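The data block below is my_file12.cif; it holds mmCIF, C-alpha atoms.
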data_work
#
loop_
_atom_site.label_atom_id
_atom_site.label_comp_id
_atom_site.auth_asym_id
_atom_site.auth_seq_id
_atom_site.Cartn_x
_atom_site.Cartn_y
_atom_site.Cartn_z
CA MET P 1 0.73 -18.86 -4.61
CA GLN P 2 -2.20 -18.91 -7.00
CA MET P 3 -3.11 -15.39 -5.91
CA VAL P 4 0.44 -14.10 -6.50
CA LYS P 5 0.38 -15.64 -9.97
CA LYS P 6 -2.95 -13.96 -10.71
CA ILE P 7 -1.67 -10.57 -9.55
CA PHE P 8 1.46 -10.98 -11.64
CA ILE P 9 -0.59 -11.86 -14.74
CA ALA P 10 -2.94 -8.92 -14.10
CA LEU P 11 0.02 -6.52 -13.83
CA ALA P 12 1.54 -7.92 -17.02
CA VAL P 13 -1.79 -7.50 -18.81
CA ILE P 14 -2.14 -3.91 -17.56
CA TRP P 15 1.46 -3.14 -18.59
CA PHE P 16 0.85 -4.53 -22.07
CA ALA P 17 -2.52 -2.76 -22.40
CA VAL P 18 -0.99 0.56 -21.31
CA LEU P 19 1.62 0.29 -24.08
CA LEU P 20 -0.82 -1.07 -26.65
CA PHE P 21 -3.46 1.62 -26.18
CA MET P 22 -1.08 4.49 -25.41
CA PRO P 23 -2.10 7.41 -27.69
CA LYS P 24 1.46 7.82 -28.94
CA GLN P 25 0.67 10.34 -31.65
CA ALA P 26 -1.35 12.54 -29.28
CA MET P 27 1.45 12.30 -26.72
CA TYR P 28 3.90 13.42 -29.37
CA TYR P 29 1.61 16.39 -30.11
CA LYS P 30 1.73 17.19 -26.39
CA LEU P 31 5.53 17.10 -26.56
CA GLU P 32 5.37 19.48 -29.56
CA GLN P 33 3.12 21.78 -27.52
CA GLU P 34 5.58 21.83 -24.61
CA LEU P 35 8.55 22.44 -26.93
CA ALA P 36 6.64 25.26 -28.65
CA LYS P 37 6.56 27.08 -25.28
CA HIS P 38 10.35 27.27 -25.63
CA ALA P 39 10.05 28.35 -29.30
CA ILE P 40 11.18 24.93 -30.56
CA LYS P 41 9.12 23.35 -33.32
CA ILE P 42 9.42 20.09 -35.21
CA ASN P 43 8.06 19.61 -38.73
CA GLU P 44 7.93 15.95 -39.67
CA LYS P 45 7.08 14.48 -43.05
CA SER P 46 5.43 11.35 -41.68
CA MET P 47 5.08 9.33 -38.49
CA ASP P 48 4.23 5.76 -37.65
CA GLU P 49 3.34 3.84 -34.52
CA GLY P 50 4.30 0.43 -33.23
CA ILE P 51 3.25 -1.35 -30.03
CA PHE P 52 6.34 -0.16 -28.20
CA SER P 53 7.58 2.53 -30.55
CA PHE P 54 6.83 5.73 -32.38
CA THR P 55 8.86 6.98 -35.33
CA LEU P 56 9.14 10.36 -37.04
CA HIS P 57 10.50 10.49 -40.56
CA GLN P 58 12.38 13.43 -42.07
CA ALA P 59 11.94 15.85 -39.21
CA ASP P 60 13.11 19.45 -39.41
CA ILE P 61 13.89 21.16 -36.12
CA TYR P 62 13.28 24.89 -35.76
CA ALA P 63 14.25 27.19 -32.91
CA LYS P 64 12.67 30.64 -32.85
CA GLY P 65 11.67 30.19 -36.48
CA ILE P 66 15.17 29.28 -37.61
CA LYS P 67 15.74 25.87 -39.13
CA LEU P 68 18.61 24.44 -37.13
CA ALA P 69 18.70 20.80 -38.06
CA SER P 70 17.07 17.99 -39.96
CA VAL P 71 16.88 14.37 -38.84
CA GLU P 72 16.24 11.46 -41.16
CA LYS P 73 14.56 9.38 -38.43
CA VAL P 74 13.61 9.97 -34.78
CA HIS P 75 12.72 6.69 -33.09
CA PHE P 76 11.06 6.60 -29.66
CA PHE P 77 11.02 3.20 -27.97
CA THR P 78 9.53 2.55 -24.55
CA VAL P 79 8.61 -0.36 -22.32
CA LEU P 80 7.81 2.15 -19.53
CA PHE P 81 10.72 1.14 -17.33
CA TYR P 82 13.21 1.63 -20.20
CA THR P 83 12.95 4.41 -22.78
CA LYS P 84 15.27 5.03 -25.69
CA VAL P 85 15.25 7.87 -28.21
CA THR P 86 17.39 7.43 -31.32
CA LEU P 87 18.14 10.16 -33.83
CA GLU P 88 19.50 8.90 -37.12
CA LYS P 89 21.36 11.08 -39.63
CA LEU P 90 21.17 14.37 -37.80
CA THR P 91 22.38 17.24 -40.01
CA LEU P 92 22.84 20.72 -38.62
CA ASP P 93 22.19 23.71 -40.85
CA ASP P 94 25.29 24.60 -42.87
CA SER P 95 25.41 28.07 -41.32
CA LEU P 96 26.22 26.42 -37.97
CA LYS P 97 29.32 24.63 -39.25
CA ASN P 98 31.53 27.16 -37.43
CA ILE P 99 29.81 26.41 -34.13
CA ALA P 100 29.26 22.65 -34.07
CA PRO P 101 29.93 19.52 -36.16
CA THR P 102 27.20 19.33 -38.78
CA HIS P 103 26.87 15.57 -39.28
CA THR P 104 25.84 13.09 -36.62
CA LYS P 105 25.31 9.55 -37.81
CA GLU P 106 23.39 8.46 -34.73
CA ALA P 107 22.60 9.91 -31.33
CA THR P 108 20.96 7.92 -28.55
CA LEU P 109 19.39 8.97 -25.26
CA ILE P 110 18.46 6.27 -22.74
CA TYR P 111 16.41 6.60 -19.58
CA ALA P 112 16.03 3.50 -17.41
CA ILE P 113 14.22 3.06 -14.12
CA TRP P 114 17.26 1.40 -12.50
CA ASN P 115 19.20 4.62 -13.09
CA PRO P 116 16.44 7.13 -12.40
CA LEU P 117 18.57 10.24 -11.90
CA ASN P 118 20.55 9.99 -15.12
CA ILE P 119 19.88 10.00 -18.84
CA SER P 120 22.74 8.45 -20.76
CA VAL P 121 23.82 10.03 -24.04
CA GLU P 122 25.81 8.48 -26.88
CA ALA P 123 26.55 9.85 -30.33
CA GLU P 124 28.65 9.06 -33.35
CA GLY P 125 29.41 11.35 -36.25
CA SER P 126 31.94 13.51 -38.06
CA PHE P 127 33.43 14.37 -34.64
CA GLY P 128 34.16 10.71 -33.87
CA GLY P 129 32.17 9.52 -30.89
CA LEU P 130 30.96 10.87 -27.59
CA ASN P 131 29.26 9.52 -24.52
CA GLY P 132 28.01 11.16 -21.40
CA ALA P 133 25.06 11.72 -19.15
CA VAL P 134 22.44 14.22 -18.10
CA SER P 135 22.25 14.31 -14.32
CA LEU P 136 18.70 15.15 -13.29
CA ALA P 137 19.72 15.54 -9.66
CA ASP P 138 22.61 17.95 -10.24
CA LYS P 139 21.01 19.43 -13.39
CA THR P 140 24.23 19.02 -15.35
CA LEU P 141 25.22 17.68 -18.74
CA HIS P 142 28.61 16.01 -19.14
CA LEU P 143 29.86 14.78 -22.53
CA ASP P 144 33.18 13.02 -23.13
CA PHE P 145 34.60 13.17 -26.64
CA ASN P 146 36.38 9.97 -27.64
CA GLU P 147 38.47 11.62 -30.34
CA SER P 148 39.95 15.05 -30.80
CA LYS P 149 39.49 15.27 -34.57
CA GLY P 150 36.60 17.21 -36.08
CA ILE P 151 35.87 19.20 -32.91
CA GLU P 152 38.09 22.22 -33.57
CA MET P 153 35.10 24.57 -33.63
CA LEU P 154 33.93 23.20 -30.28
CA LYS P 155 37.26 23.41 -28.47
CA PRO P 156 36.75 26.95 -27.12
CA LYS P 157 33.75 25.55 -25.22
CA LEU P 158 35.44 22.29 -24.16
CA LYS P 159 37.68 21.44 -21.25
CA GLN P 160 40.56 19.01 -21.30
CA SER P 161 41.31 16.27 -18.81
CA GLU P 162 43.66 13.28 -18.82
CA LYS P 163 40.99 11.25 -20.64
CA GLY P 164 40.56 13.85 -23.35
CA TRP P 165 38.20 16.66 -24.26
CA TYR P 166 34.89 17.02 -22.47
CA TYR P 167 31.93 19.40 -22.35
CA GLU P 168 30.13 20.28 -19.16
CA THR P 169 27.25 22.63 -18.52
CA SER P 170 24.41 23.09 -16.06
CA PHE P 171 20.77 23.93 -16.73
CA MET I 1 -25.00 -30.14 -19.74
CA LYS I 2 -21.44 -30.35 -21.06
CA HIS I 3 -19.41 -27.09 -21.14
CA LEU I 4 -17.58 -26.18 -24.39
CA PHE I 5 -14.93 -24.20 -22.48
CA LYS I 6 -13.64 -24.63 -19.02
CA PRO I 7 -15.45 -21.91 -16.99
CA GLU I 8 -12.13 -21.06 -15.30
CA VAL I 9 -10.45 -20.25 -18.66
CA PHE I 10 -13.46 -18.25 -19.84
CA LYS I 11 -13.40 -16.26 -16.62
CA ASN I 12 -9.70 -15.48 -17.04
CA ILE I 13 -10.12 -14.34 -20.66
CA LEU I 14 -13.04 -12.18 -19.63
CA GLY I 15 -10.94 -10.69 -16.84
CA ILE I 16 -8.15 -9.83 -19.29
CA LEU I 17 -10.62 -8.23 -21.69
CA VAL I 18 -12.11 -6.17 -18.86
CA LEU I 19 -8.61 -4.94 -17.89
CA PHE I 20 -7.95 -4.05 -21.54
CA LEU I 21 -11.24 -2.15 -21.66
CA ILE I 22 -10.49 -0.24 -18.45
CA VAL I 23 -7.01 0.78 -19.71
CA LYS I 24 -8.46 1.78 -23.08
CA ILE I 25 -11.13 3.94 -21.40
CA LEU I 26 -8.52 5.55 -19.14
CA TRP I 27 -6.31 6.40 -22.12
CA PHE I 28 -9.36 7.76 -23.96
CA VAL I 29 -10.15 10.05 -21.01
CA VAL I 30 -6.51 11.21 -20.84
CA GLU I 31 -6.50 11.87 -24.59
CA VAL I 32 -9.74 13.85 -24.51
CA LEU I 33 -8.90 15.87 -21.42
CA TRP I 34 -5.18 16.55 -21.67
CA LEU I 35 -3.71 15.65 -25.04
CA PRO I 36 -3.97 17.95 -28.07
CA PRO I 37 -5.63 16.51 -31.21
CA VAL I 38 -3.17 18.23 -33.57
CA GLY I 39 0.50 19.10 -33.46
CA ILE I 40 2.25 22.42 -33.86
CA ASP I 41 4.21 22.94 -37.04
CA GLN I 42 6.55 25.70 -38.07
CA ILE I 43 4.87 27.69 -40.81
CA ALA I 44 7.19 28.98 -43.51
CA GLN I 45 7.54 32.73 -43.28
CA LYS I 46 5.79 34.39 -46.21
CA GLY I 47 6.55 37.79 -47.64
CA SER I 48 10.21 37.78 -46.67
CA LYS I 49 12.41 39.10 -49.40
CA ALA I 50 16.01 38.45 -50.22
CA LEU I 51 18.63 40.95 -49.20
CA TYR I 52 19.15 43.57 -51.82
CA TYR I 53 22.59 44.37 -53.11
CA ARG I 54 23.68 47.85 -54.04
CA VAL I 55 25.17 47.95 -57.52
CA LYS I 56 26.87 51.04 -58.88
CA LEU I 57 25.91 51.42 -62.53
CA THR I 58 27.96 53.68 -64.78
CA PRO I 59 25.82 56.26 -66.62
CA ASN I 60 25.38 55.20 -70.20
CA GLU I 61 26.80 58.39 -71.70
CA ALA I 62 29.67 56.89 -73.57
CA ALA I 63 29.57 56.33 -77.32
CA ALA I 64 28.49 52.96 -78.64
CA PRO I 65 31.31 50.46 -78.40
CA VAL I 66 33.37 49.83 -81.53
CA THR I 67 33.28 46.22 -82.58
CA THR I 68 36.80 46.00 -83.98
CA THR I 69 39.15 44.25 -81.59
CA ARG I 70 42.48 45.80 -81.11
CA LYS I 71 45.11 44.23 -79.02
CA GLN I 72 46.13 46.83 -76.50
CA PRO I 73 49.59 46.79 -75.02
CA VAL I 74 49.73 46.02 -71.35
CA ARG I 75 50.15 49.28 -69.52
CA GLN I 76 52.73 49.41 -66.83
CA ALA I 77 51.37 50.81 -63.61
CA SER I 78 52.79 54.23 -63.17
CA GLY I 79 51.06 55.35 -59.97
CA ASN I 80 52.65 57.22 -57.15
CA ILE I 81 53.07 55.71 -53.69
CA LYS I 82 51.49 58.89 -52.30
CA ASP I 83 48.20 57.86 -53.93
CA ILE I 84 48.04 54.95 -51.49
CA LYS I 85 46.59 55.88 -48.08
CA LEU I 86 47.00 53.40 -45.29
CA LEU I 87 43.74 53.12 -43.31
CA ALA I 88 44.22 50.09 -41.05
CA ILE I 89 46.74 47.43 -40.16
CA TYR I 90 46.27 43.94 -38.82
CA ASN I 91 49.60 42.47 -37.94
CA ALA I 92 49.92 38.99 -36.46
CA SER I 93 52.85 36.62 -36.33
CA ASP I 94 51.41 34.55 -39.18
CA ALA I 95 49.60 37.16 -41.27
CA THR I 96 49.73 40.80 -42.26
CA VAL I 97 46.60 42.43 -43.62
CA VAL I 98 46.22 46.14 -44.36
CA THR I 99 43.35 48.28 -45.58
CA VAL I 100 44.34 50.97 -48.04
CA ALA I 101 42.52 53.70 -49.91
CA TYR I 102 43.54 54.16 -53.53
CA LYS I 103 41.77 56.58 -55.91
CA SER I 104 38.80 56.89 -53.49
CA LYS I 105 38.40 53.10 -53.33
CA THR I 106 39.32 50.95 -50.36
CA LYS I 107 41.04 47.62 -50.70
CA VAL I 108 42.20 44.99 -48.27
CA LEU I 109 45.65 43.60 -49.02
CA SER I 110 47.55 40.73 -47.52
CA ARG I 111 51.31 40.21 -47.76
CA GLY I 112 52.36 39.78 -51.42
CA ASP I 113 49.28 41.52 -52.87
CA ASN I 114 49.75 44.15 -55.51
CA ILE I 115 48.15 47.56 -55.75
CA ASN I 116 49.05 49.73 -58.71
CA GLY I 117 52.37 47.94 -59.08
CA PHE I 118 53.29 48.22 -55.39
CA ILE I 119 53.61 44.90 -53.58
CA LEU I 120 52.82 44.72 -49.87
CA GLU I 121 55.93 43.40 -48.11
CA GLY I 122 55.04 43.79 -44.45
CA ALA I 123 53.79 46.12 -41.75
CA GLY I 124 54.82 47.60 -38.46
CA ASN I 125 52.80 49.21 -35.70
CA ASP I 126 51.87 52.30 -37.70
CA PHE I 127 53.26 51.73 -41.19
CA ALA I 128 53.25 49.30 -44.08
CA THR I 129 56.10 48.60 -46.49
CA PHE I 130 55.60 48.20 -50.22
CA SER I 131 58.12 47.33 -52.90
CA LYS I 132 58.26 48.24 -56.58
CA GLN I 133 61.10 47.61 -59.02
CA SER I 134 63.44 46.59 -56.16
CA LYS I 135 62.72 49.83 -54.27
CA THR I 136 61.05 49.81 -50.86
CA TYR I 137 58.43 52.37 -49.83
CA LYS I 138 57.09 53.03 -46.37
CA VAL I 139 53.49 54.25 -45.99
CA HIS I 140 52.41 55.57 -42.60
CA LEU I 141 49.00 55.03 -41.13
CA LEU I 142 46.55 57.81 -41.88
CA LYS I 143 45.86 59.67 -38.66
CA GLY I 144 42.12 60.10 -39.07
CA LYS I 145 39.46 60.62 -36.46
CA ALA I 146 38.57 57.01 -36.17
CA SER I 147 41.81 55.36 -37.16
CA SER I 148 44.28 57.35 -35.10
CA THR I 149 44.24 55.15 -32.04
CA SER I 150 42.24 52.07 -32.68
CA SER I 151 42.86 50.80 -36.15
CA VAL I 152 46.17 49.16 -35.33
CA LYS I 153 46.04 45.73 -33.84
CA THR I 154 49.23 43.82 -33.16
CA ILE I 155 48.25 40.42 -31.94
CA LYS I 156 50.39 37.41 -31.30
CA THR I 157 48.59 34.19 -32.10
CA THR I 158 49.14 31.52 -29.49
CA GLY I 159 48.14 28.35 -31.31
CA ILE I 160 45.48 25.76 -30.48
CA LYS I 161 45.68 26.19 -26.74
CA ALA I 162 44.36 29.75 -27.00
CA LYS I 163 40.92 29.95 -25.46
CA SER I 164 39.81 33.09 -27.28
CA VAL I 165 40.49 33.79 -30.94
CA ALA I 166 42.13 37.11 -31.79
CA VAL I 167 39.85 39.59 -33.54
CA LYS I 168 40.98 40.30 -37.07
CA GLY I 169 40.12 43.44 -39.00
CA ASP I 170 38.51 46.67 -37.95
CA VAL I 171 35.99 49.35 -38.80
CA THR I 172 37.35 52.52 -40.40
CA ASP I 173 35.60 55.83 -40.94
CA ALA I 174 35.52 57.00 -44.56
CA GLY I 175 33.47 60.14 -44.02
CA ASP I 176 29.96 59.52 -45.36
CA HIS I 177 30.16 55.80 -44.69
CA LYS I 178 32.18 53.31 -42.72
CA ILE I 179 34.33 50.49 -44.01
CA ILE I 180 34.08 47.11 -42.34
CA ASP I 181 36.99 44.79 -42.86
CA ARG I 182 35.69 41.51 -44.26
CA ALA I 183 38.08 39.65 -41.95
CA LEU I 184 36.15 41.15 -39.04
CA LEU I 185 32.85 39.85 -40.40
CA GLU I 186 34.36 36.43 -40.95
CA HIS I 187 35.70 36.43 -37.40
CA TYR I 188 32.28 37.15 -35.91
CA ALA I 189 30.59 34.66 -38.25
CA LYS I 190 32.94 31.98 -36.89
CA ASN I 191 32.88 33.12 -33.25
CA MET I 192 29.31 34.00 -32.35
CA ASP I 193 30.17 34.13 -28.65
CA ASP I 194 32.42 37.11 -29.33
CA ILE I 195 29.43 39.05 -30.69
CA TYR I 196 27.58 38.84 -27.40
CA LYS I 197 30.67 39.92 -25.44
CA ASN I 198 30.60 43.20 -27.35
CA ILE I 199 26.94 43.88 -28.02
CA GLY I 200 23.70 42.97 -26.30
CA ILE I 201 20.53 42.53 -28.32
CA GLY I 202 17.08 42.14 -26.81
CA GLU I 203 13.64 41.57 -28.19
CA VAL I 204 11.09 44.32 -28.79
CA ARG I 205 7.60 42.90 -28.42
CA GLU I 206 4.22 44.31 -29.34
CA GLY I 207 1.87 42.19 -27.31
CA LYS I 208 2.91 38.60 -27.91
CA ASN I 209 4.44 39.30 -31.30
CA LEU I 210 8.09 40.06 -31.92
CA ALA I 211 8.39 43.52 -33.45
CA GLY I 212 12.16 43.92 -33.69
CA PHE I 213 15.44 43.93 -31.81
CA ARG I 214 16.84 46.53 -29.45
CA ILE I 215 20.52 47.07 -28.65
CA THR I 216 20.86 46.72 -24.89
CA PHE I 217 24.56 47.54 -24.62
CA VAL I 218 27.58 48.22 -26.81
CA ARG I 219 31.05 47.64 -25.39
CA LYS I 220 33.14 50.76 -25.56
CA ASP I 221 35.96 50.63 -28.17
CA SER I 222 34.60 47.42 -29.66
CA PRO I 223 34.10 47.19 -33.46
CA PHE I 224 30.35 47.42 -32.78
CA ALA I 225 30.81 50.80 -31.09
CA LYS I 226 32.72 51.97 -34.17
CA LEU I 227 29.74 51.01 -36.33
CA GLY I 228 27.93 53.97 -34.78
CA VAL I 229 25.17 52.04 -33.09
CA ARG I 230 24.21 52.88 -29.52
CA ARG I 231 22.33 51.44 -26.60
CA ASP I 232 18.52 51.59 -27.05
CA ASP I 233 18.75 51.78 -30.86
CA VAL I 234 16.09 49.58 -32.45
CA ILE I 235 17.22 47.70 -35.56
CA LYS I 236 14.46 48.12 -38.14
CA SER I 237 15.98 46.66 -41.29
CA ILE I 238 19.21 45.46 -42.85
CA ASN I 239 19.63 45.88 -46.62
CA GLY I 240 15.88 46.29 -47.03
CA GLN I 241 15.04 43.15 -45.09
CA GLU I 242 12.79 43.97 -42.15
CA ILE I 243 14.24 42.51 -38.99
CA ASN I 244 11.05 41.47 -37.22
CA SER I 245 11.77 37.79 -36.62
CA TYR I 246 14.69 35.60 -35.60
CA ASN I 247 14.48 33.97 -39.01
CA ALA I 248 14.97 37.34 -40.73
CA ALA I 249 17.93 38.13 -38.47
CA PHE I 250 19.45 34.71 -39.09
CA GLY I 251 18.94 35.16 -42.85
CA VAL I 252 21.14 38.26 -42.67
CA TYR I 253 23.73 36.38 -40.60
CA LYS I 254 23.81 33.55 -43.17
CA ASN I 255 24.34 35.94 -46.10
CA ILE I 256 26.61 38.46 -44.43
CA GLN I 257 29.79 36.98 -45.89
CA ASN I 258 28.49 37.39 -49.46
CA ILE I 259 27.56 41.06 -49.44
CA ASP I 260 29.64 44.13 -50.23
CA ASN I 261 27.42 46.86 -48.82
CA LEU I 262 25.33 47.06 -45.71
CA THR I 263 22.53 49.52 -45.04
CA LEU I 264 21.26 49.47 -41.50
CA VAL I 265 18.06 51.30 -40.63
CA ILE I 266 17.76 52.02 -36.94
CA GLN I 267 15.35 53.94 -34.79
CA ARG I 268 17.04 56.19 -32.26
CA GLY I 269 14.42 57.79 -30.05
CA LYS I 270 11.79 59.13 -32.44
CA GLU I 271 14.25 59.49 -35.28
CA GLU I 272 14.86 56.87 -37.95
CA MET I 273 18.44 56.73 -39.21
CA GLU I 274 20.19 54.98 -42.08
CA LEU I 275 23.74 53.82 -41.53
CA GLU I 276 25.86 52.93 -44.55
CA TYR I 277 28.75 50.47 -44.52
CA GLU I 278 31.11 49.14 -47.14
CA ILE I 279 32.51 45.68 -46.65
CA ASN I 280 35.98 45.28 -48.00
#
Could you show the structure in this file as structure tokens?
Amino acid sequence: MQMVKKIFIALAVIWFAVLLFMPKQAMYYKLEQELAKHAIKINEKSMDEGIFSFTLHQADIYAKGIKLASVEKVHFFTVLFYTKVTLEKLTLDDSLKNIAPTHTKEATLIYAIWNPLNISVEAEGSFGGLNGAVSLADKTLHLDFNESKGIEMLKPKLKQSEKGWYYETSF
Amino acid sequence: MKHLFKPEVFKNILGILVLFLIVKILWFVVEVLWLPPVGIDQIAQKGSKALYYRVKLTPNEAAAPVTTTRKQPVRQASGNIKDIKLLAIYNASDATVVTVAYKSKTKVLSRGDNINGFILEGAGNDFATFSKQSKTYKVHLLKGKASSTSSVKTIKTTGIKAKSVAVKGDVTDAGDHKIIDRALLEHYAKNMDDIYKNIGIGEVREGKNLAGFRITFVRKDSPFAKLGVRRDDVIKSINGQEINSYNAAFGVYKNIQNIDNLTLVIQRGKEEMELEYEIN
């Protein structure tokens, strides 16, 4: 019993040390490097680290040199077995207003070890609300829109079911 | 000798510190070997210039203006209906828009608009009706080279359930230049997917750098075909703005609704060509 307790404490210490000493900023730079391979770049004004979190402030998102969106705050939170990314005040470039809703109050992506093949997605904005999931096994994205207002520009790309409008694509 | 700390507790704390040290060293190794020390930022494009706008200036040959103000009587329009040439018709259940040429200028009119005293009342498949002083006039579509078959579009709108949005406006040939209906530009600005159904655009690369954009296909009878561009044309510049980056191309897209003239420089084979368009 004493041995089990010691192993448990050792694992807890390792888990905490991994999170404490994780080079979060350097890992974010690695993410930037990977995104740059797909011509996506993020310019952030400032960033700060916590024990379990990493936050970007006033980030501008570029794709192929075109500024597509700006986000007031991007918050990464992880305890290894549960990871959450929150985007606050996401504003798409005005030139995209005919393609997608420009204002998103908050968007959240959650990956948890007890649901390893799915990433859940939730968002709230000028389009009302949406929730859905990215299926890593089927390589699909499914988003259900809770309301039908403010999504007129998206409707040509959406499908309609009994529950309402939804978006589905594969990657 | 009496111990200050229990040796068991000291051993445990030491063990924890050793684990911390091991994890720290491992992360340090990972950071040095695999993680980049700096991020990648988007650098603002330098040297890009705003789109130029063509402005027709009247030669300053007239006499100096007289400063006295004289109230001039409002002149009644006394034009002839024959001066109005009908170039294109867009006729939907909820809107009628026509393009007319009047005194060598083109103008887009919607129902109720006035040109030289003639009010647009409606349109059929190949004619438009105008009224003036309770008389009705019928103007037939000009049977030009470009407008004879393709400039008439009679489209019934089908409401929200429609999956694809009807294309409004057209491109008409005015001899030395072509006239693009502004409604057409607005349609493509709102429905980007429709652009790629009609025209394919690929990258031209010199080494790793983007050098321009090549037209990979143009759908026959589409408005893009009427612009005069062809497959394998390389787009060099639009209104003086070199198109050598996605940002430059997107800059044109963002401003396209605010311009009245469009000059497209393309390379066709070894020849460089300038295509002129009027947006009306």
(Q) If the cut-off is 8 Å, can you tell me the residues of chain P near chain I, counting only C-alpha atoms? I'd like them as an MDAnalysis selection string. (A) chainID P and resid 10 13:14 17:18 21:23 26:30 32:33 36 41:43 62 64:66 95 98:99 156
Which centre and which edge lengths, in Å to one decimal, describe the axis-aligned box that holds all listed atoms of segment 33-44 of chain I after 8 Å is added on each side, as JSON?
{"center_x": -0.9, "center_y": 22.3, "center_z": -32.5, "size_x": 32.1, "size_y": 29.3, "size_z": 38.1}
Q | Contact residues around Lys105 of chain I with all atoms listed in the file at 12 Å, ignoring same-chain residues under 6 positions, as an NGL selection string | A | :I and (83-87 or 99 or 115 or 174 or 179 or 278-280)
Name every residue that the PyMOL selection byres ((chain I and resi 110) around 6) selects in this structure, writing the answer as a compact mmCIF listing (two decimals) with C-alpha atoms, in the coordinates of the input with chains first and numbers rising.
# COMPACT_ATOMS: atom_id res chain seq x y z
CA THR I 96 49.73 40.80 -42.26
CA VAL I 97 46.60 42.43 -43.62
CA LEU I 109 45.65 43.60 -49.02
CA ARG I 111 51.31 40.21 -47.76
CA ASP I 113 49.28 41.52 -52.87
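Every residue that the PyMOL selection byres ((chain P and resi 123) around 10) selects in this file is listed here: Thr86, Leu87, Glu88, Thr104, Lys105, Glu106, Ala107, Thr108, Leu109, Val121, Glu122, Glu124, Gly125, Phe127, Gly128, Gly129, Leu130, Asn131, Gly132, Leu143 and Phe145 of chain P.
Look at segment 44-50 of chain P: the protein and nucleic acid residues within 9 Å of it, using all atoms listed in the file and passing over chain neighbours fewer than 5 places away, are P:Leu20, P:Lys24, P:Gln25, P:Thr55, P:Leu56, P:His57, P:Gln58, P:Ala59, P:Asp60, P:Ile61, P:Phe77, I:Asp41.
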(Q) Taking 5 positions as the minimum chain separation for residues in the same chain, which residues sit within 9 Å of Tyr82 of chain P when counting only C-alpha atoms? Answer as JSON, numbers by chain. (A) {"P": [77, 110, 111, 112, 113, 114]}
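Put simply, the PyMOL selection byres ((chain P and resi 103) around 8) in this file takes in Lys89, Leu90, Thr91, Leu92, Pro101, Thr102, Thr104, Lys105, Gly125 and Ser126 of chain P.
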Q: Might you pull out every residue within 10 Å of segment 261-263 of chain I, with all atoms listed in the file counted and same-chain residues fewer than 2 positions away left off, and present them as a list of chain:residue names?
A: I:Leu51, I:Tyr52, I:Tyr53, I:Arg54, I:Val55, I:His177, I:Lys178, I:Ile179, I:Ile180, I:Ser237, I:Ile238, I:Asn239, I:Gly240, I:Gln241, I:Ile256, I:Asn258, I:Ile259, I:Val265, I:Ile266, I:Glu274, I:Leu275, I:Glu276, I:Tyr277, I:Glu278, I:Ile279, I:Asn280
Q: For segment 140-142 of chain P, work out the shell of residues within 12 Å, counting only C-alpha atoms and skipping chain neighbours fewer than 6 positions away, then give it as a PyMOL selection string.
A: chain P and resi 117-122+130-134+158-159+165-171
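Across the structure, atom CA of Leu227 of chain I and atom CA of Glu206 of chain I are spaced 27.3 Å apart.
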Can you spit out segment 37-68 of chain P with C-alpha atoms, as a short mmCIF file (atom, residue, chain, number, x, y, z; two decimals), in the first residue's frame, from the structure just given?
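Final output, result_11.cif:
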data_model
loop_
_atom_site.label_atom_id
_atom_site.label_comp_id
_atom_site.auth_asym_id
_atom_site.auth_seq_id
_atom_site.Cartn_x
_atom_site.Cartn_y
_atom_site.Cartn_z
CA LYS P 37 3.80 25.78 -43.51
CA HIS P 38 0.14 26.24 -44.43
CA ALA P 39 0.67 30.00 -45.00
CA ILE P 40 -1.14 30.90 -41.76
CA LYS P 41 0.56 33.41 -39.49
CA ILE P 42 -0.40 34.94 -36.17
CA ASN P 43 0.84 38.35 -35.02
CA GLU P 44 0.22 38.87 -31.33
CA LYS P 45 0.76 42.05 -29.34
CA SER P 46 1.73 40.30 -26.12
CA MET P 47 1.64 36.90 -24.45
CA ASP P 48 1.74 35.64 -20.90
CA GLU P 49 2.20 32.30 -19.21
CA GLY P 50 0.56 30.66 -16.23
CA ILE P 51 1.21 27.26 -14.65
CA PHE P 52 -1.57 25.65 -16.65
CA SER P 53 -2.22 28.32 -19.24
CA PHE P 54 -0.83 30.47 -22.00
CA THR P 55 -2.55 33.60 -23.30
CA LEU P 56 -2.13 35.68 -26.44
CA HIS P 57 -3.42 39.23 -26.45
CA GLN P 58 -4.64 41.10 -29.51
CA ALA P 59 -3.72 38.51 -32.10
CA ASP P 60 -4.13 39.14 -35.82
CA ILE P 61 -4.55 36.08 -38.02
CA TYR P 62 -3.19 36.12 -41.56
CA ALA P 63 -3.67 33.56 -44.32
CA LYS P 64 -1.42 33.84 -47.36
CA GLY P 65 -0.52 37.37 -46.30
CA ILE P 66 -4.13 38.49 -46.00
CA LYS P 67 -5.39 39.64 -42.63
CA LEU P 68 -8.49 37.57 -42.06
#
